[in-house]
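Participant: Handing you a structure now.
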Amino acid sequence: MPESAVAIASYTAVSALGSGNAAHRDALRAGRSGLIANDYTAAGVPLPCWIGRVAGLEDDLPPDVDTRLHRLLARALRQDQLGEDLARTLADCGAARVALVLGTSTANIEQSEQAYRRLDDGHLPADLRDPRLHHLHGPAEWLSAQTGIAGPTFTISTACSASAKAFGLGARLLRAGIADAVLVVGADSLCASTLHGFNSLELVDASPCRPFDLQRAGLSIGEAAAMALLRHVDDAPLAARLLACGESSDAYHLSAPHPQGIGAEKALRAALRECDLPPDAFDYVNLHGTASRQNDVIEAALIARLLPRVLASSTKGATGHTLGAAGALEAVITLLAMDSGCAPGTTGCIAPEPAIAAQLLRSPRSATLRHALSFSFGFGGSNACLALACGAS
Amino acid sequence: MFVARVLGFGLCAPGLRDFPTFVRWLRDASQLLPAGRSAQPSAAGLAPTERRRAPHAVRLAVDVASQATTNGRGAVGAVFCSAFGDMANTDVILTTLAHAPLEISPIRFTHSVHNAAAGHWSIMAVSHAPTTALACGREGVGAAMLTALLEADRGHEPQLLVCSDAADAGALGDAACCDSDFAVALLLGAEHGNPGAPLLRGAVRMGQAQAAPPRDARLRPWWEGNPAARLLPLIEGCLQAGQQGFTLPLGSGTLLAIDCEAPN
């Protein structure tokens with residue numbers, strides 16, 4: 001185990017697949033998709049596409065600053081003992097020794113969208129003027145106040161790599177002795193900005209997304225919140241581990257991946273270097289696999305070249321692309337796969353890209369997964385690769 | 001304790017196009033604070049097509065990043081921080097979504113990601129090194145500085161810190177007030193091998209940061225009105241021989257204490 005490893009003492013997720021680890025584990029084992037026909041009407045007539053909506057969110061007890069994103073975060077805190085574990089950690093370590101790193105792409109922008117639909121003489125309506133509704137750090141400020149975290153608080157917003165990179169910063173805070181525990185969060189909620197924005201780029205499939213399928217035609221947007229409590233290994237010796245977070249930049253294009261996957265390869269190599277493990281040490285890789293034409297063909301070639309014997313799948317056909325939350329959500333999905341001994345399938349993929357056909361799991365497969373990787377790539381050419389190890393059973 | 005030297009500076013503000021211009025202005029006490037809300041970033045390093053496409057907020061951040069990384073120091077890791085991002089672009093997108101959501105511009109949407117400036121800069125600098133984009137609130141420069149110091153302290157390459165916020169735009173300004181453009185960049189490098197450069201020693205402590213305004217009272221409107229300008233007292237410290245201490249908030253119960261030692 002590399003010296004740089006940190007423990008993932010507690011984790012949970014809420015997504016279109018359900019709320020909590022058991023719901024995710026069961027859905028992934030069954031190969032079920034959480035995607036539904038788009039019924040998000042906040043911006044008028046829904047776009048003809050499919051989405052990964054979290055069911056029942058509208059019926060949850062409203063948080064004090066009531067936003068869709070805060071409801072996701074509040075629900076995550078209530079699951080899998082996450083809130084209790086965090087409270088115990090805060091009591092044990094002291095609130096100022098617990099840090100928060102939150103990754104998001106759009107934060108509470110759904111509230112800004114609502115406000116602009118009913119501006120009051122060119123100004124925000126009086127009931128929607130809380131600054132936390134309109135800037136990216138708002139959810140982290142709200143979550144700090146909710147939980148009592150008083151340590152350093154960060155919001156990373158590097159599009160779809162944001163919450164994977166949050167794991168990297170969280171681990172660095174621990175190793176540097178700045179914190180004794182770090183709550184890493186990924187969160188993004190459905191909103192008109194991303195649904196219509198990706199639609200304007202012609203990147204949204206009218207059908208449920210089909211990652212790595214030869215007939216794929218774009219993404220399905222989803223929403224999620226995922227949380228992980230990072231601790232020193234000595235404080236949680238039996239827990240799963242974050243071995244490394246490799247990061248890089250494409251330095252190529254703002255919205256298109258590098259055609260040879262140079263940035264993604266550099267992120268992978270940085271992760272392998274950091275954890276000092278060879279590619280063959282890994283049993284599973286959770287792919288970025290958005291179902292966009294460009295991403296999947298480039299990622300397939302990269303995996304075939306650098307990780308040819310590793311089982312691989314994209315879970316975005318099950319959850320939708322949860323954007324800034326995807327890194328943390330897919331880290332949790334990967335941890336659950338290792339814990340349950342079941343690698344998820346690639347829901348929606350029928351005829352895979354030839355380059356990756358031999359190793360891409362189209363349906364779930366039972367397997368011993370000791371070490372695993374998770375890829376996240378974002379607009380701006382921002383790449384992250386997490387290396388994870390299962391905990392002691 | 002994190003230790004780094006400041007190897008390069010960049011600054012762009014209304015009426016002050018670059019860091020040397022700022023230093024000359026600062027040393028001439030007869031000059032008033034330039035009027036206006038808008039800076040004029042040249043962002044000369046961007047390719048002409050990208051310079052035309054890049055929104056003002058992106059050009060502002062990329063301009064100071066370029067200033068601080070002259071002398072071939074392009075391929076370095078970078079921490080970009082902006083409290084409010086590209087509010088002008090967000091305002092247009094929100095207005096479009098409210099009235100004609102199908103007409104949202106794909107170019108505007110592409111530039112709406114908070115790491116647009118980091119992406120443009122990495123392309124311009126041909127840098128595959130990791131970059132990040134933070135938004136840590138109105139008092140977020142401390143979190144950004146800590147992130148950059150953590151990276152610089154790993155001892156690999158110099159680390160670029162860019163803090164920028166553009167003047168507010170549209171109704172969003174009601175909740176995210178920002179009086180004028182301001183951007184600043186620091187290139188942080190190893191303590192050894194750069195003896196003539198200002199030395200920063202950073203440490204995380206419990207407690208509340210003490211908001212100390214700039215020594216030069218002329219700078220106070222920028223310091224009060226723009227989140228990125230919270231770094232101005234530290235910039236003054238780097239320019240004035242001697243040793244000075246600063247504190248910046250990190251969370252509700254922690255602060256970043258920075259000791260700045262500038263050469264004669």
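Each chain of the structure tokens is named A, B, ... in the order shown, its residues numbered from 1; ligands are numbered from 1 in display order.
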Residues at most 8 Å from region 128-143 of chain A, counting only C-alpha atoms, excluding those fewer than 3 positions away in the same chain, as JSON, numbers by chain?

Facilitator: {"A": [65, 69, 70, 73, 100, 101, 102, 104, 105, 106, 107, 108, 109, 111, 112, 115, 124, 125, 146, 147, 153, 154, 155, 157], "B": [83, 84, 135, 136, 137, 172, 174, 175, 176]}

Participant: Would you pick out the contacts of region 232-246 of chain A at 7 Å or less, using only C-alpha atoms, so that residues sharing its chain but fewer than 2 positions from it are not included, and give the list as a PyMOL selection string?

Facilitator: chain A and resi 2+4-9+168+174+267-268+270-271+274-275+384-392

Participant: Export, as a CSV table (one decimal), in the first residue's frame, the selected residues with all heavy atoms.

Facilitator:
```
chain,number,residue,atom,x,y,z
A,2,PRO,N,0.7,2.1,-1.0
A,2,PRO,CA,1.5,3.3,-1.0
A,2,PRO,C,1.4,4.2,0.2
A,2,PRO,O,0.3,4.3,0.8
A,2,PRO,CB,1.1,4.0,-2.3
A,2,PRO,CG,-0.3,3.5,-2.5
A,2,PRO,CD,-0.3,2.2,-2.0
A,4,SER,N,1.0,7.2,0.2
A,4,SER,CA,0.1,8.3,-0.1
A,4,SER,C,-1.4,7.9,0.1
A,4,SER,O,-2.3,8.8,0.1
A,4,SER,CB,0.3,8.8,-1.5
A,4,SER,OG,0.1,7.7,-2.4
A,5,ALA,N,-1.7,6.7,0.4
A,5,ALA,CA,-3.1,6.2,0.5
A,5,ALA,C,-3.8,6.8,1.7
A,5,ALA,O,-3.2,7.1,2.7
A,5,ALA,CB,-3.1,4.7,0.6
A,6,VAL,N,-5.0,7.1,1.5
A,6,VAL,CA,-5.9,7.6,2.6
A,6,VAL,C,-7.1,6.7,2.6
A,6,VAL,O,-7.5,6.0,1.6
A,6,VAL,CB,-6.3,9.0,2.4
A,6,VAL,CG1,-5.1,10.0,2.4
A,6,VAL,CG2,-7.2,9.3,1.2
A,7,ALA,N,-7.7,6.6,3.8
A,7,ALA,CA,-8.9,5.7,4.0
A,7,ALA,C,-10.2,6.4,3.6
A,7,ALA,O,-10.3,7.6,3.8
A,7,ALA,CB,-8.9,5.3,5.5
A,8,ILE,N,-11.1,5.7,3.0
A,8,ILE,CA,-12.4,6.2,2.7
A,8,ILE,C,-13.3,5.5,3.8
A,8,ILE,O,-13.8,4.4,3.6
A,8,ILE,CB,-12.9,5.9,1.3
A,8,ILE,CG1,-11.8,6.4,0.3
A,8,ILE,CG2,-14.2,6.4,1.0
A,8,ILE,CD1,-12.1,6.0,-1.1
A,9,ALA,N,-13.5,6.2,4.9
A,9,ALA,CA,-14.1,5.6,6.1
A,9,ALA,C,-15.6,5.4,6.0
A,9,ALA,O,-16.2,4.6,6.6
A,9,ALA,CB,-13.8,6.5,7.3
A,168,GLY,N,-8.7,14.3,-4.8
A,168,GLY,CA,-7.2,14.6,-4.8
A,168,GLY,C,-6.9,15.7,-3.9
A,168,GLY,O,-5.9,15.5,-3.1
A,174,LEU,N,-5.2,16.0,3.9
A,174,LEU,CA,-4.9,15.1,5.0
A,174,LEU,C,-3.4,14.8,5.1
A,174,LEU,O,-2.8,14.9,6.2
A,174,LEU,CB,-5.5,13.7,4.7
A,174,LEU,CG,-7.0,13.5,5.0
A,174,LEU,CD1,-7.4,12.1,4.7
A,174,LEU,CD2,-7.3,13.8,6.5
A,267,ALA,N,-3.2,11.6,-17.1
A,267,ALA,CA,-3.9,11.4,-15.8
A,267,ALA,C,-3.7,10.0,-15.3
A,267,ALA,O,-3.4,9.8,-14.1
A,267,ALA,CB,-5.4,11.8,-15.9
A,268,LEU,N,-3.9,9.0,-16.1
A,268,LEU,CA,-3.8,7.6,-15.8
A,268,LEU,C,-2.3,7.3,-15.3
A,268,LEU,O,-2.1,6.7,-14.2
A,268,LEU,CB,-4.1,6.7,-16.9
A,268,LEU,CG,-3.7,5.2,-16.8
A,268,LEU,CD1,-4.5,4.6,-15.6
A,268,LEU,CD2,-4.0,4.4,-18.0
A,270,ALA,N,-0.2,9.4,-14.2
A,270,ALA,CA,0.1,10.1,-12.9
A,270,ALA,C,-0.5,9.3,-11.7
A,270,ALA,O,0.2,9.2,-10.7
A,270,ALA,CB,-0.5,11.5,-12.9
A,271,ALA,N,-1.7,8.7,-11.9
A,271,ALA,CA,-2.2,7.9,-10.8
A,271,ALA,C,-1.4,6.7,-10.6
A,271,ALA,O,-1.1,6.3,-9.4
A,271,ALA,CB,-3.7,7.5,-11.2
A,274,GLU,N,1.7,7.6,-8.8
A,274,GLU,CA,1.5,8.0,-7.4
A,274,GLU,C,1.3,6.8,-6.5
A,274,GLU,O,1.7,6.8,-5.4
A,274,GLU,CB,0.3,9.0,-7.3
A,274,GLU,CG,0.0,9.5,-5.9
A,274,GLU,CD,-1.2,10.5,-5.9
A,274,GLU,OE1,-1.5,11.1,-7.0
A,274,GLU,OE2,-1.8,10.6,-4.9
A,275,CYS,N,0.6,5.8,-7.0
A,275,CYS,CA,0.3,4.6,-6.2
A,275,CYS,C,1.4,3.5,-6.4
A,275,CYS,O,1.3,2.5,-5.7
A,275,CYS,CB,-1.1,4.1,-6.3
A,275,CYS,SG,-1.5,3.5,-7.9
A,384,ALA,N,-9.1,13.6,-14.6
A,384,ALA,CA,-8.7,13.0,-13.3
A,384,ALA,C,-8.9,11.5,-13.4
A,384,ALA,O,-9.8,11.0,-14.0
A,384,ALA,CB,-9.6,13.6,-12.2
A,385,CYS,N,-8.0,10.8,-12.7
A,385,CYS,CA,-8.1,9.3,-12.6
A,385,CYS,C,-7.9,8.9,-11.2
A,385,CYS,O,-6.8,9.2,-10.6
A,385,CYS,CB,-7.0,8.7,-13.5
A,385,CYS,SG,-7.0,6.9,-13.4
A,386,LEU,N,-8.9,8.3,-10.6
A,386,LEU,CA,-8.8,7.9,-9.2
A,386,LEU,C,-8.4,6.4,-9.2
A,386,LEU,O,-8.8,5.6,-10.0
A,386,LEU,CB,-10.1,8.0,-8.5
A,386,LEU,CG,-10.8,9.4,-8.3
A,386,LEU,CD1,-12.1,9.3,-7.6
A,386,LEU,CD2,-9.8,10.3,-7.6
A,387,ALA,N,-7.4,6.1,-8.3
A,387,ALA,CA,-7.1,4.7,-8.0
A,387,ALA,C,-7.6,4.3,-6.6
A,387,ALA,O,-7.3,5.0,-5.7
A,387,ALA,CB,-5.5,4.5,-8.1
A,388,LEU,N,-8.3,3.2,-6.6
A,388,LEU,CA,-9.0,2.8,-5.3
A,388,LEU,C,-8.7,1.4,-5.0
A,388,LEU,O,-8.4,0.6,-5.8
A,388,LEU,CB,-10.5,3.0,-5.5
A,388,LEU,CG,-11.0,4.4,-5.9
A,388,LEU,CD1,-12.4,4.3,-6.5
A,388,LEU,CD2,-11.1,5.2,-4.6
A,389,ALA,N,-8.7,1.1,-3.7
A,389,ALA,CA,-8.5,-0.3,-3.2
A,389,ALA,C,-9.6,-0.7,-2.3
A,389,ALA,O,-10.1,0.1,-1.5
A,389,ALA,CB,-7.1,-0.4,-2.5
A,390,CYS,N,-10.0,-2.0,-2.4
A,390,CYS,CA,-11.1,-2.4,-1.5
A,390,CYS,C,-10.7,-2.5,0.0
A,390,CYS,O,-9.5,-2.6,0.3
A,390,CYS,CB,-11.6,-3.7,-2.0
A,390,CYS,SG,-10.5,-5.1,-1.8
A,391,GLY,N,-11.6,-2.4,0.8
A,391,GLY,CA,-11.3,-2.5,2.2
A,391,GLY,C,-11.2,-4.0,2.7
A,391,GLY,O,-11.5,-4.9,1.9
A,392,ALA,N,-10.8,-4.2,3.9
A,392,ALA,CA,-10.8,-5.5,4.4
A,392,ALA,C,-12.2,-5.9,4.8
A,392,ALA,O,-12.9,-5.2,5.4
A,392,ALA,CB,-9.9,-5.6,5.7
```

Participant: May I ask which of the residues A:Gly218, A:Pro63, A:Gly317, A:Gly263 is the closest one to chain B, counting only C-alpha atoms?

Facilitator: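 Of A:Gly218, A:Pro63, A:Gly317, A:Gly263, the one nearest chain B, counting only C-alpha atoms, is A:Gly263.
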
Participant: I need the chain B residues near chain A as a list of chain:residue names; criterion: at most 6 Å, counting only C-alpha atoms.

Facilitator: B:Phe84, B:Leu94, B:Ala98, B:Pro106, B:Phe109, B:Val113, B:His114, B:Asn115, B:Ala116, B:Gly119, B:Ser122, B:Ile123, B:Val126, B:Ser127, B:His128, B:Ala129, B:Pro130, B:Ala133, B:Leu134, B:Ala135, B:Cys136, B:Gly137, B:Ala171, B:Ala175, B:Leu250, B:Gly251, B:Ser252, B:Gly253, B:Thr254

Participant: Return the single residue from B:Thr90, B:Ala241, B:Trp222, B:Cys163 that is closest to Pro198 (chain B), with distances computed using only C-alpha atoms.

Facilitator: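 Comparing B:Thr90, B:Ala241, B:Trp222, B:Cys163 against Pro198 (chain B), the winner is B:Ala241.
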